[in-house]
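Participant: Pasting a structure here, questions to come.
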Amino acid sequence: MKAIVMAGGEGSRLRPLTSRRPKPLVPIANKPVMHHVVDLLRRHGITEVIATLHYLADEIENYFGDGDELGVSISYVVEDTPRGTAGAIKQAQPLLGDQRFVVVSADALTDINLSELIDVHKRTGGAATIALRRVANPLEFGVVVVDEHQRVTRFLEKPSWGEIFSDTINTGIYVIEPEVLDLMEPDNSYDFAHDIFPRMLRDGRPLYGHVTGGYWSDIGNLQQYLQANYDALAGAVKVEIPGIELRPGVWVGANAEISAQAQIHGPACIGRDVTIEGGVVIEELTSIGDSAIVAKDARLHRAIAWEDVYVGEGASLTGCTLADHVIVKDRVTIMEGAVIGRGSTLGSGSTVPANIKLWPDKSVASGSIVSMSLIYGIKWPGSLFGADGVSGLANIEITPEFALKLGQALGSVLRPGQNVMTSRDAHPASRLTNRCIIAGLLSVGTNVHDLRENPVPVSRYAVRMSADAGVHTGISPYDPDQFLIEFFDAHGVNLDKGMERKIENIFFREDFRRTPMHSVGVLGFPERSIEAYIDGFLAALAPRALAAAKMRVVIDYAHGNASLILPRILSTLGIETIALNAFFDSSQLLAFTANRARHLEQLANVTTSLKAALGILLDQRGESLALVDDRGRIIEGSRLLALLTVLVASVVPHARIAVPVMAPTAIETVAELYGATVVRTRTERRSMMALAAQEGSSLAFAGGANYELIFPEFAPVFDSLYGAAKIMELIASQGRPLSAIVDELPSWHLASRRDHCPWERKGEIMRRLLAETNGENVQLTDGIRVTRDGGWVLVLPDASDPLFNVFAEGRSDAEARHYADEIASRIEELARG
């Protein structure tokens, strides 16, 4: 049997280590990871190897040659243009012939039993068999669901938490029959996970999975690279470490010179021609590459140093990685998680703090401290973006330096000369952070149009009209101690996951575009963005109905900047308004969440006292609202969605209305009375806005998971300013008071709770909960929603925190609580293991 070794990846998340070296050649315990892969193939009797190459292909060919020295035969297929994991193998079809073959990745460390995998494939008679593993965090992998016969039933590449139904992931190791290659045309791009396997599922072709034992690690980032080295040295994975094992756990290469006064505490690996002087202490889990020199009294602990490294006298290296030809002079300190690129020089007495990265050929002056950290705090262990954007403590986690890099990362993803709209709320820290983001954008050649202080919907609208992307900075609506920085695409909708990952990759590897002085971006301040918003706003409404109704409305602006805009619009429409808290107060921005109930109580009192038709509380971002009817009753949450369903469906024939998956079934009941259709969507904010952008005005209304409002007739984004005026228009068209409509709403019974769960158990718990449903009465729109007698229960992993959100509906409050508590108890039981 032949094997395909996929060795074309650039390893961008391993930079700066892979800036000058292809990822398959990064060493694990002093041997390239692809060399370990070839050893594994040879141990299982597979000696005909075909390597597919792209990035720095010559270096891989030079290292392995024809494979004779490794006891195998190696042929090469070099891609000028990457054609995906499957497309690359299609190019190798003439070398494979009509035999089944094994596919392995050159950049994953593993000792799985390939012979067992091949035997399973033969027994099942499948067209392809995927080696599967169970992992704690399946977010960065392809999740695979199999039935009791191990046949694959569902395949999802790099899902969000709401799409995770299992902790069983695709390792990228396959056994494949030759007819699978006939599903592809030559010279086209194909990916197994995105194209071939989903097509095989659709066509009913036999695709199987086999959960393997042994060790497997995708060396996808710098932390995983370090851990793979530690695991190899500690014997957690069966690999052939070069050199002679002088004593248990200590390997030493040929011609190494080790002083009798040096101490080596295993496990450790010392390469060929290494010199270690007296007084040196090599602590456990340290690897030193060929031809390195370690001067006297240096101390290395859990350090990975490649070949031709010099470590000076009295230097201290802890938990760090040094690429080849690095010079570390005397008394240098390199701390946990630091990475030093090829050919860099660290001057005497300098310090590289934790998590710092130096690109190749950098020089650090003697006695200096390198102060620019890669990761700020523990908020971003491997993921920059949360559910809605980038969040963190202002000026602690989101520092000016951080914001500058964030702007540079976004600008580097865009083309030079493209335009980005920036905006912020009224808080002084938002102004500071916004200016730093602007500086980062300008530095990489991106033009910036700064809207300054603006409600979020106005910013989104301005981006739709005249920008390629947008950024809004402000206090998080969920936590007043947190900042939230949101990124918009050209439609004003939050960026998709693919774009977020591009920004994240550039941010973490600091691979920012370098722009000459004459090409830096231009900063401008649009003068008529608010006027353009107002013009579009008025054009979308039916102002005559509003003017004829002669409504009196009380609006609480909650000290937000919607008071800059909405009063101007409502005066144009002839609506009598009484404004509350219509002035800026940055201290109140932070207190709004805690004081929201007091705002609503005050609004109800004023509305009834002034005999107003309606009271409206706007959130400070201008994306959601709550109502008070003419009898002083507060209408928010699910009741607001039901009310809007009635108002919209009674006016718009055959209306399509979108609500989140956890909204009560009474929404459908109400909609059916008016011939409307309800579309259930994921709870993620972007999903709702993306749906509105896709369907446009054919979607009459959409309500978000936090009861934000979208009326796509104006804009496919959350906008409570337009929503407030639209609600007035809809009420005016009814010809009766709001309280009369509220009286007719049906009742329902909901319960919800949040239950903590370790991050590493989420995927397993979702897999087991899904398995327990037996596929009956289950919906997977977002999370797992199971129909129960008289109701339903929904389990939704939280995207930002280590917890589950549980929602339930029943025929009574007690039944809804019972459903929620029952599934929560099961989650707690599974979390305990």
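Following the order of the structure tokens, first chain is A, next is B, and so on, with residues numbered from 1 inside each chain and ligands from 1 in the order they appear.
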Neighbouring residues of Leu721 (chain A) were defined as those with any atom within 12 Å, considering only C-alpha atoms; residues of the same chain fewer than 2 positions away were excluded. Please report them as a PyMOL selection string.

Facilitator: chain A and resi 455-458+533-534+537-538+555-557+560-570+616-626+708-711+714-715+717-719+723-728

Participant: Can you pull out every residue from region 342-459 of chain A that DSSP, working from the backbone, puts in alpha helix (DSSP H), and format the result as a PyMOL selection string?

Facilitator: chain A and resi 400-413+428-443+456-459

Participant: Between A:Thr351, A:Leu442, A:Leu541, A:Glu185, which is the closest to Val520 (chain A) once you count only C-alpha atoms?

Facilitator: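 The answer is A:Leu442, which sits nearest to Val520 (chain A).
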
Participant: Please provide the set of residues having any atom within 9 Å of Ile741 (chain A), restricted to only C-alpha atoms, with same-chain residues fewer than 3 positions apart removed, written as number ranges by chain.

Facilitator: A: 643, 646-647, 734, 736-738, 744-745

Participant: Could the residues in this selection be written to a file with N, CA, C and O atoms, as a short mmCIF file (atom, residue, chain, number, x, y, z; two decimals), in the first residue's frame?

Facilitator:
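Writing done, so here's out-v5.cif:
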data_model
loop_
_atom_site.label_atom_id
_atom_site.label_comp_id
_atom_site.auth_asym_id
_atom_site.auth_seq_id
_atom_site.Cartn_x
_atom_site.Cartn_y
_atom_site.Cartn_z
N LEU A 643 -45.57 40.65 20.29
CA LEU A 643 -46.30 41.87 19.92
C LEU A 643 -45.91 42.33 18.52
O LEU A 643 -46.77 42.66 17.69
N VAL A 646 -47.49 40.28 15.80
CA VAL A 646 -48.87 40.68 15.53
C VAL A 646 -48.91 41.96 14.70
O VAL A 646 -49.62 42.06 13.69
N LEU A 647 -48.12 42.97 15.12
CA LEU A 647 -48.16 44.27 14.44
C LEU A 647 -47.72 44.14 12.98
O LEU A 647 -48.34 44.72 12.08
N GLN A 734 -53.13 50.49 13.40
CA GLN A 734 -54.12 49.62 14.03
C GLN A 734 -55.42 50.35 14.37
O GLN A 734 -56.47 49.74 14.47
N ARG A 736 -56.28 51.54 17.20
CA ARG A 736 -56.71 51.24 18.56
C ARG A 736 -55.49 51.31 19.48
O ARG A 736 -54.34 51.22 19.01
N PRO A 737 -55.70 51.44 20.79
CA PRO A 737 -54.56 51.60 21.70
C PRO A 737 -53.70 50.34 21.77
O PRO A 737 -54.19 49.22 21.54
N LEU A 738 -52.43 50.54 22.12
CA LEU A 738 -51.50 49.43 22.23
C LEU A 738 -51.98 48.41 23.26
O LEU A 738 -51.83 47.19 23.06
N GLU A 744 -54.62 40.82 23.79
CA GLU A 744 -54.95 39.67 22.94
C GLU A 744 -53.79 38.68 22.78
O GLU A 744 -53.97 37.62 22.17
N LEU A 745 -52.62 39.03 23.30
CA LEU A 745 -51.48 38.12 23.14
C LEU A 745 -51.70 36.87 23.96
O LEU A 745 -52.19 36.92 25.10
#

Participant: How close does region 589-660 of chain A get to region 673-694 of chain A? List, as a Markdown table, each residue of region 589-660 of chain A within 12 Å, its nearest atom pair and the distance in Å to one decimal, counting only C-alpha atoms.

Facilitator:
| residue | atom | partner | partner_atom | distance |
| --- | --- | --- | --- | --- |
| A:Glu623 | CA | A:Arg685 | CA | 11.1 |
| A:Leu641 | CA | A:Val678 | CA | 11.4 |
| A:Ala642 | CA | A:Val678 | CA | 11.2 |
| A:Thr645 | CA | A:Ala676 | CA | 8.6 |
| A:Val646 | CA | A:Tyr674 | CA | 7.9 |
| A:Leu647 | CA | A:Tyr674 | CA | 10.1 |
| A:Val648 | CA | A:Ala676 | CA | 9.0 |
| A:Ala649 | CA | A:Tyr674 | CA | 5.8 |
| A:Ser650 | CA | A:Tyr674 | CA | 6.0 |
| A:Val651 | CA | A:Tyr674 | CA | 9.1 |
| A:Val652 | CA | A:Ala676 | CA | 8.4 |
| A:Pro653 | CA | A:Ala676 | CA | 7.3 |
| A:His654 | CA | A:Ala676 | CA | 4.7 |
| A:Ala655 | CA | A:Ala676 | CA | 4.7 |
| A:Arg656 | CA | A:Thr677 | CA | 4.9 |
| A:Ile657 | CA | A:Val678 | CA | 4.9 |
| A:Ala658 | CA | A:Val679 | CA | 4.5 |
| A:Val659 | CA | A:Arg680 | CA | 5.3 |
| A:Pro660 | CA | A:Thr681 | CA | 4.9 |

Participant: Limited to N, CA and C atoms, could you put the picked residues into a file as a short mmCIF file (atom, residue, chain, number, x, y, z; two decimals), in the first residue's frame?

Facilitator:
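Once written, again32.cif looks like this:
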data_model
loop_
_atom_site.label_atom_id
_atom_site.label_comp_id
_atom_site.auth_asym_id
_atom_site.auth_seq_id
_atom_site.Cartn_x
_atom_site.Cartn_y
_atom_site.Cartn_z
N GLU A 623 -29.60 49.48 19.61
CA GLU A 623 -29.89 48.24 18.91
C GLU A 623 -31.11 47.50 19.46
N LEU A 641 -41.35 40.33 21.16
CA LEU A 641 -41.32 39.63 19.87
C LEU A 641 -42.72 39.22 19.43
N ALA A 642 -43.53 38.73 20.37
CA ALA A 642 -44.89 38.33 20.01
C ALA A 642 -45.72 39.53 19.57
N THR A 645 -44.71 40.55 16.15
CA THR A 645 -45.23 39.59 15.18
C THR A 645 -46.66 39.94 14.80
N VAL A 646 -47.49 40.28 15.80
CA VAL A 646 -48.87 40.68 15.53
C VAL A 646 -48.91 41.96 14.70
N LEU A 647 -48.12 42.97 15.12
CA LEU A 647 -48.16 44.27 14.44
C LEU A 647 -47.72 44.14 12.98
N VAL A 648 -46.66 43.37 12.75
CA VAL A 648 -46.14 43.24 11.39
C VAL A 648 -47.06 42.35 10.55
N ALA A 649 -47.44 41.19 11.10
CA ALA A 649 -48.23 40.23 10.33
C ALA A 649 -49.61 40.77 9.97
N SER A 650 -50.15 41.67 10.79
CA SER A 650 -51.47 42.22 10.50
C SER A 650 -51.44 43.27 9.40
N VAL A 651 -50.24 43.76 9.06
CA VAL A 651 -50.10 44.81 8.05
C VAL A 651 -49.47 44.28 6.77
N VAL A 652 -48.52 43.37 6.89
CA VAL A 652 -47.77 42.85 5.75
C VAL A 652 -48.35 41.50 5.34
N PRO A 653 -48.96 41.39 4.17
CA PRO A 653 -49.53 40.10 3.74
C PRO A 653 -48.45 39.02 3.62
N HIS A 654 -48.73 37.84 4.14
CA HIS A 654 -47.82 36.69 4.03
C HIS A 654 -46.42 37.04 4.52
N ALA A 655 -46.34 37.74 5.60
CA ALA A 655 -45.05 38.22 6.11
C ALA A 655 -44.16 37.05 6.53
N ARG A 656 -42.85 37.21 6.28
CA ARG A 656 -41.84 36.29 6.82
C ARG A 656 -41.17 36.99 8.00
N ILE A 657 -41.16 36.31 9.13
CA ILE A 657 -40.67 36.88 10.38
C ILE A 657 -39.64 35.93 10.96
N ALA A 658 -38.48 36.45 11.33
CA ALA A 658 -37.40 35.62 11.87
C ALA A 658 -37.26 35.88 13.37
N VAL A 659 -37.18 34.79 14.13
CA VAL A 659 -36.98 34.88 15.58
C VAL A 659 -35.95 33.84 15.99
N PRO A 660 -35.28 34.04 17.12
CA PRO A 660 -34.26 33.06 17.55
C PRO A 660 -34.88 31.76 17.99
#

Participant: At a cut-off of 10 Å, using only C-alpha atoms, what residues contact Trp216 (chain A)? Leave out same-chain residues fewer than 2 positions from it and give the result as an MDAnalysis selection string.

Facilitator: chainID A and resid 108:112 132:133 135 171 212:214 218:219 228 237

Participant: Those same residues, written as a PDB file, in the first residue's frame with N, CA and C atoms?

Facilitator:
ATOM      1  N   ALA A 108       1.357  16.687  11.751  1.00  0.00           N
ATOM      2  CA  ALA A 108       0.713  16.222  12.973  1.00  0.00           C
ATOM      3  C   ALA A 108       1.572  15.118  13.575  1.00  0.00           C
ATOM      4  N   LEU A 109       1.727  15.141  14.876  1.00  0.00           N
ATOM      5  CA  LEU A 109       2.525  14.120  15.560  1.00  0.00           C
ATOM      6  C   LEU A 109       1.583  13.039  16.067  1.00  0.00           C
ATOM      7  N   THR A 110       1.864  11.791  15.685  1.00  0.00           N
ATOM      8  CA  THR A 110       0.953  10.716  16.052  1.00  0.00           C
ATOM      9  C   THR A 110       1.684   9.388  16.085  1.00  0.00           C
ATOM     10  N   ASP A 111       1.097   8.455  16.847  1.00  0.00           N
ATOM     11  CA  ASP A 111       1.567   7.067  16.807  1.00  0.00           C
ATOM     12  C   ASP A 111       0.391   6.107  16.666  1.00  0.00           C
ATOM     13  N   ILE A 112      -0.710   6.589  16.047  1.00  0.00           N
ATOM     14  CA  ILE A 112      -1.903   5.751  15.952  1.00  0.00           C
ATOM     15  C   ILE A 112      -1.598   4.487  15.154  1.00  0.00           C
ATOM     16  N   LEU A 132     -10.582   8.966  13.597  1.00  0.00           N
ATOM     17  CA  LEU A 132     -11.231   9.947  14.465  1.00  0.00           C
ATOM     18  C   LEU A 132     -10.571   9.951  15.838  1.00  0.00           C
ATOM     19  N   ARG A 133     -10.639  11.110  16.487  1.00  0.00           N
ATOM     20  CA  ARG A 133     -10.188  11.218  17.875  1.00  0.00           C
ATOM     21  C   ARG A 133     -11.202  12.023  18.651  1.00  0.00           C
ATOM     22  N   VAL A 135     -11.564  14.902  21.430  1.00  0.00           N
ATOM     23  CA  VAL A 135     -10.742  15.977  21.976  1.00  0.00           C
ATOM     24  C   VAL A 135     -11.585  16.854  22.882  1.00  0.00           C
ATOM     25  N   THR A 171      -9.014  13.601  12.186  1.00  0.00           N
ATOM     26  CA  THR A 171      -7.568  13.778  12.373  1.00  0.00           C
ATOM     27  C   THR A 171      -6.834  14.118  11.085  1.00  0.00           C
ATOM     28  N   THR A 212      -9.670   6.156  16.994  1.00  0.00           N
ATOM     29  CA  THR A 212      -8.377   5.521  17.210  1.00  0.00           C
ATOM     30  C   THR A 212      -7.874   5.763  18.625  1.00  0.00           C
ATOM     31  N   GLY A 213      -7.020   4.883  19.058  1.00  0.00           N
ATOM     32  CA  GLY A 213      -6.287   5.091  20.295  1.00  0.00           C
ATOM     33  C   GLY A 213      -4.945   5.728  19.988  1.00  0.00           C
ATOM     34  N   GLY A 214      -4.036   5.616  20.916  1.00  0.00           N
ATOM     35  CA  GLY A 214      -2.713   6.186  20.700  1.00  0.00           C
ATOM     36  C   GLY A 214      -2.707   7.694  20.830  1.00  0.00           C
ATOM     37  N   ASP A 218      -2.429  17.812  16.589  1.00  0.00           N
ATOM     38  CA  ASP A 218      -2.308  18.736  15.463  1.00  0.00           C
ATOM     39  C   ASP A 218      -1.435  19.896  15.926  1.00  0.00           C
ATOM     40  N   ILE A 219      -0.258  20.024  15.348  1.00  0.00           N
ATOM     41  CA  ILE A 219       0.671  21.065  15.790  1.00  0.00           C
ATOM     42  C   ILE A 219       0.264  22.355  15.098  1.00  0.00           C
ATOM     43  N   ALA A 228       3.921  19.255  22.039  1.00  0.00           N
ATOM     44  CA  ALA A 228       4.292  18.063  21.272  1.00  0.00           C
ATOM     45  C   ALA A 228       5.729  17.658  21.579  1.00  0.00           C
ATOM     46  N   VAL A 237       4.208   9.767  23.389  1.00  0.00           N
ATOM     47  CA  VAL A 237       4.003   9.331  22.023  1.00  0.00           C
ATOM     48  C   VAL A 237       5.199   8.477  21.621  1.00  0.00           C
TER      49      VAL A 237
END

Participant: Using DSSP secondary structure from the backbone, list all strand (DSSP E) positions within region 748-781 of chain A, as a ChimeraX atom specification.

Facilitator: /A:749-756,778-779

Participant: How about saving the chosen residues, all heavy atoms kept, as a PDB file, in the first residue's frame?

Facilitator:
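For reference, out_32.pdb as written:
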ATOM      1  N   HIS A 749     -45.072  29.823  28.850  1.00  0.00           N
ATOM      2  CA  HIS A 749     -44.317  29.568  30.074  1.00  0.00           C
ATOM      3  C   HIS A 749     -42.898  29.148  29.693  1.00  0.00           C
ATOM      4  O   HIS A 749     -42.690  28.069  29.128  1.00  0.00           O
ATOM      5  CB  HIS A 749     -44.999  28.472  30.900  1.00  0.00           C
ATOM      6  CG  HIS A 749     -46.444  28.776  31.191  1.00  0.00           C
ATOM      7  ND1 HIS A 749     -46.842  29.608  32.214  1.00  0.00           N
ATOM      8  CD2 HIS A 749     -47.580  28.377  30.547  1.00  0.00           C
ATOM      9  CE1 HIS A 749     -48.155  29.693  32.208  1.00  0.00           C
ATOM     10  NE2 HIS A 749     -48.636  28.963  31.208  1.00  0.00           N
ATOM     11  N   LEU A 750     -41.949  30.010  29.988  1.00  0.00           N
ATOM     12  CA  LEU A 750     -40.543  29.771  29.658  1.00  0.00           C
ATOM     13  C   LEU A 750     -39.711  29.682  30.930  1.00  0.00           C
ATOM     14  O   LEU A 750     -40.059  30.272  31.960  1.00  0.00           O
ATOM     15  CB  LEU A 750     -39.988  30.891  28.781  1.00  0.00           C
ATOM     16  CG  LEU A 750     -40.580  31.079  27.387  1.00  0.00           C
ATOM     17  CD1 LEU A 750     -39.935  32.287  26.712  1.00  0.00           C
ATOM     18  CD2 LEU A 750     -40.397  29.834  26.532  1.00  0.00           C
ATOM     19  N   ALA A 751     -38.615  28.982  30.836  1.00  0.00           N
ATOM     20  CA  ALA A 751     -37.624  28.929  31.909  1.00  0.00           C
ATOM     21  C   ALA A 751     -36.248  28.902  31.277  1.00  0.00           C
ATOM     22  O   ALA A 751     -36.072  28.403  30.156  1.00  0.00           O
ATOM     23  CB  ALA A 751     -37.832  27.696  32.786  1.00  0.00           C
ATOM     24  N   SER A 752     -35.288  29.440  31.980  1.00  0.00           N
ATOM     25  CA  SER A 752     -33.913  29.408  31.481  1.00  0.00           C
ATOM     26  C   SER A 752     -32.958  29.359  32.659  1.00  0.00           C
ATOM     27  O   SER A 752     -33.300  29.767  33.772  1.00  0.00           O
ATOM     28  CB  SER A 752     -33.613  30.630  30.605  1.00  0.00           C
ATOM     29  OG  SER A 752     -33.680  31.815  31.373  1.00  0.00           O
ATOM     30  N   ARG A 753     -31.771  28.882  32.398  1.00  0.00           N
ATOM     31  CA  ARG A 753     -30.727  28.841  33.418  1.00  0.00           C
ATOM     32  C   ARG A 753     -29.384  28.711  32.730  1.00  0.00           C
ATOM     33  O   ARG A 753     -29.303  28.353  31.553  1.00  0.00           O
ATOM     34  CB  ARG A 753     -30.961  27.709  34.418  1.00  0.00           C
ATOM     35  CG  ARG A 753     -31.100  26.337  33.804  1.00  0.00           C
ATOM     36  CD  ARG A 753     -31.342  25.288  34.865  1.00  0.00           C
ATOM     37  NE  ARG A 753     -30.133  25.084  35.676  1.00  0.00           N
ATOM     38  CZ  ARG A 753     -30.126  24.390  36.807  1.00  0.00           C
ATOM     39  NH1 ARG A 753     -31.248  23.870  37.284  1.00  0.00           N
ATOM     40  NH2 ARG A 753     -29.002  24.217  37.480  1.00  0.00           N
ATOM     41  N   ARG A 754     -28.341  29.003  33.467  1.00  0.00           N
ATOM     42  CA  ARG A 754     -26.972  28.886  32.948  1.00  0.00           C
ATOM     43  C   ARG A 754     -26.217  27.952  33.880  1.00  0.00           C
ATOM     44  O   ARG A 754     -26.256  28.117  35.099  1.00  0.00           O
ATOM     45  CB  ARG A 754     -26.284  30.246  32.880  1.00  0.00           C
ATOM     46  CG  ARG A 754     -27.100  31.313  32.162  1.00  0.00           C
ATOM     47  CD  ARG A 754     -26.332  32.617  32.071  1.00  0.00           C
ATOM     48  NE  ARG A 754     -25.482  32.646  30.880  1.00  0.00           N
ATOM     49  CZ  ARG A 754     -24.507  33.532  30.693  1.00  0.00           C
ATOM     50  NH1 ARG A 754     -24.248  34.439  31.607  1.00  0.00           N
ATOM     51  NH2 ARG A 754     -23.793  33.504  29.582  1.00  0.00           N
ATOM     52  N   ASP A 755     -25.529  26.987  33.294  1.00  0.00           N
ATOM     53  CA  ASP A 755     -24.818  25.992  34.088  1.00  0.00           C
ATOM     54  C   ASP A 755     -23.363  25.923  33.656  1.00  0.00           C
ATOM     55  O   ASP A 755     -23.059  25.763  32.467  1.00  0.00           O
ATOM     56  CB  ASP A 755     -25.481  24.625  33.907  1.00  0.00           C
ATOM     57  CG  ASP A 755     -26.858  24.580  34.543  1.00  0.00           C
ATOM     58  OD1 ASP A 755     -26.928  24.356  35.756  1.00  0.00           O
ATOM     59  OD2 ASP A 755     -27.854  24.808  33.830  1.00  0.00           O
ATOM     60  N   HIS A 756     -22.487  26.034  34.623  1.00  0.00           N
ATOM     61  CA  HIS A 756     -21.056  26.039  34.331  1.00  0.00           C
ATOM     62  C   HIS A 756     -20.583  24.644  33.949  1.00  0.00           C
ATOM     63  O   HIS A 756     -21.077  23.628  34.456  1.00  0.00           O
ATOM     64  CB  HIS A 756     -20.273  26.547  35.539  1.00  0.00           C
ATOM     65  CG  HIS A 756     -20.403  28.026  35.734  1.00  0.00           C
ATOM     66  ND1 HIS A 756     -19.568  28.934  35.128  1.00  0.00           N
ATOM     67  CD2 HIS A 756     -21.300  28.759  36.432  1.00  0.00           C
ATOM     68  CE1 HIS A 756     -19.936  30.166  35.465  1.00  0.00           C
ATOM     69  NE2 HIS A 756     -20.980  30.089  36.257  1.00  0.00           N
ATOM     70  N   VAL A 778     -35.681  16.035  17.540  1.00  0.00           N
ATOM     71  CA  VAL A 778     -34.545  16.914  17.805  1.00  0.00           C
ATOM     72  C   VAL A 778     -34.331  17.860  16.631  1.00  0.00           C
ATOM     73  O   VAL A 778     -34.507  17.485  15.467  1.00  0.00           O
ATOM     74  CB  VAL A 778     -33.269  16.090  18.093  1.00  0.00           C
ATOM     75  CG1 VAL A 778     -32.870  15.264  16.886  1.00  0.00           C
ATOM     76  CG2 VAL A 778     -32.116  16.993  18.514  1.00  0.00           C
ATOM     77  N   GLN A 779     -34.008  19.109  16.937  1.00  0.00           N
ATOM     78  CA  GLN A 779     -33.654  20.118  15.939  1.00  0.00           C
ATOM     79  C   GLN A 779     -32.258  20.623  16.250  1.00  0.00           C
ATOM     80  O   GLN A 779     -31.921  20.851  17.418  1.00  0.00           O
ATOM     81  CB  GLN A 779     -34.642  21.286  15.963  1.00  0.00           C
ATOM     82  CG  GLN A 779     -36.070  20.909  15.617  1.00  0.00           C
ATOM     83  CD  GLN A 779     -37.017  22.092  15.756  1.00  0.00           C
ATOM     84  OE1 GLN A 779     -36.583  23.245  15.794  1.00  0.00           O
ATOM     85  NE2 GLN A 779     -38.298  21.812  15.844  1.00  0.00           N
TER      86      GLN A 779
END

Participant: Taking only C-alpha atoms into account, which of A:Ala831, A:Ile823, A:Ala532, A:Ala338 comes nearest Trp759 (chain A)?

Facilitator: A:Ala831

Participant: Using only C-alpha atoms, which of A:Phe508, A:Thr593, A:Gly417, A:Val175 sits nearest Asp479 (chain A)?

Facilitator: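 Among the listed residues, the smallest separation from Asp479 (chain A) belongs to A:Thr593.
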
Participant: Please provide the set of residues having any atom within 8 Å of Ala57 (chain A), restricted to only C-alpha atoms, with same-chain residues fewer than 6 positions apart removed, written as a PDB file with all heavy atoms, in the first residue's frame.

Facilitator:
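Heads up, here's the output in selection.pdb:
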ATOM      1  N   GLY A   8       2.265  20.383   2.164  1.00  0.00           N
ATOM      2  CA  GLY A   8       2.294  21.655   1.444  1.00  0.00           C
ATOM      3  C   GLY A   8       1.965  22.880   2.275  1.00  0.00           C
ATOM      4  O   GLY A   8       2.015  24.001   1.777  1.00  0.00           O
ATOM      5  N   PRO A  22       9.674  25.236   6.183  1.00  0.00           N
ATOM      6  CA  PRO A  22       8.330  24.657   6.018  1.00  0.00           C
ATOM      7  C   PRO A  22       7.910  23.923   7.285  1.00  0.00           C
ATOM      8  O   PRO A  22       8.740  23.320   7.983  1.00  0.00           O
ATOM      9  CB  PRO A  22       8.500  23.700   4.835  1.00  0.00           C
ATOM     10  CG  PRO A  22       9.955  23.392   4.781  1.00  0.00           C
ATOM     11  CD  PRO A  22      10.674  24.603   5.288  1.00  0.00           C
ATOM     12  N   VAL A  78       4.667  18.541  -6.667  1.00  0.00           N
ATOM     13  CA  VAL A  78       4.792  19.936  -6.224  1.00  0.00           C
ATOM     14  C   VAL A  78       3.675  20.756  -6.844  1.00  0.00           C
ATOM     15  O   VAL A  78       3.493  20.767  -8.065  1.00  0.00           O
ATOM     16  CB  VAL A  78       6.167  20.516  -6.617  1.00  0.00           C
ATOM     17  CG1 VAL A  78       6.274  21.961  -6.150  1.00  0.00           C
ATOM     18  CG2 VAL A  78       7.287  19.673  -6.010  1.00  0.00           C
TER      19      VAL A  78
END

Participant: With only C-alpha atoms as the basis for distance, which of A:Ala666, A:Ala429, A:Ile369, A:Leu484 is at the shortest distance from Gly392 (chain A)?

Facilitator: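 Ranking A:Ala666, A:Ala429, A:Ile369, A:Leu484 by distance to Gly392 (chain A), first place goes to A:Leu484.
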
Participant: Quick one, how far is CA of Ser291 (chain A) from CA of Arg247 (chain A)?

Facilitator: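 Interatomic distance, CA of Ser291 (chain A) to CA of Arg247 (chain A): 21.4 Å.
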
Participant: Would you pick out the contacts of Gly319 (chain A) at 7 Å or less, using only C-alpha atoms, so that residues sharing its chain but fewer than 6 positions from it are not included, and give the list as a PyMOL selection string?

Facilitator: chain A and resi 301-303+335-337

Participant: Just give me the gap between CA of Ala365 (chain A) and CA of Ser344 (chain A) in Å, one decimal is fine.

Facilitator: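 So the two atoms, CA of Ala365 (chain A) and CA of Ser344 (chain A), lie 11.3 Å apart.
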
Participant: Which residues are near Cys269 (chain A)? Cut-off 10 Å, only C-alpha atoms, ignore same chain within fewer than 5 positions. Put them as a PyMOL selection string.

Facilitator: chain A and resi 29-30+233+241-245+249-253+264+282+284-289+304

Participant: Quick one: pull the distance between CA of His472 (chain A) and CA of Met662 (chain A), Å, one decimal.

Facilitator: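 Distance between the two atoms: 27.9 Å.
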
Participant: Choose the residue, out of A:Asn188, A:Thr81, A:Ser412, A:Ser105, that has the smallest atom-to-atom separation from Lys502 (chain A); count only C-alpha atoms.

Facilitator: A:Ser412
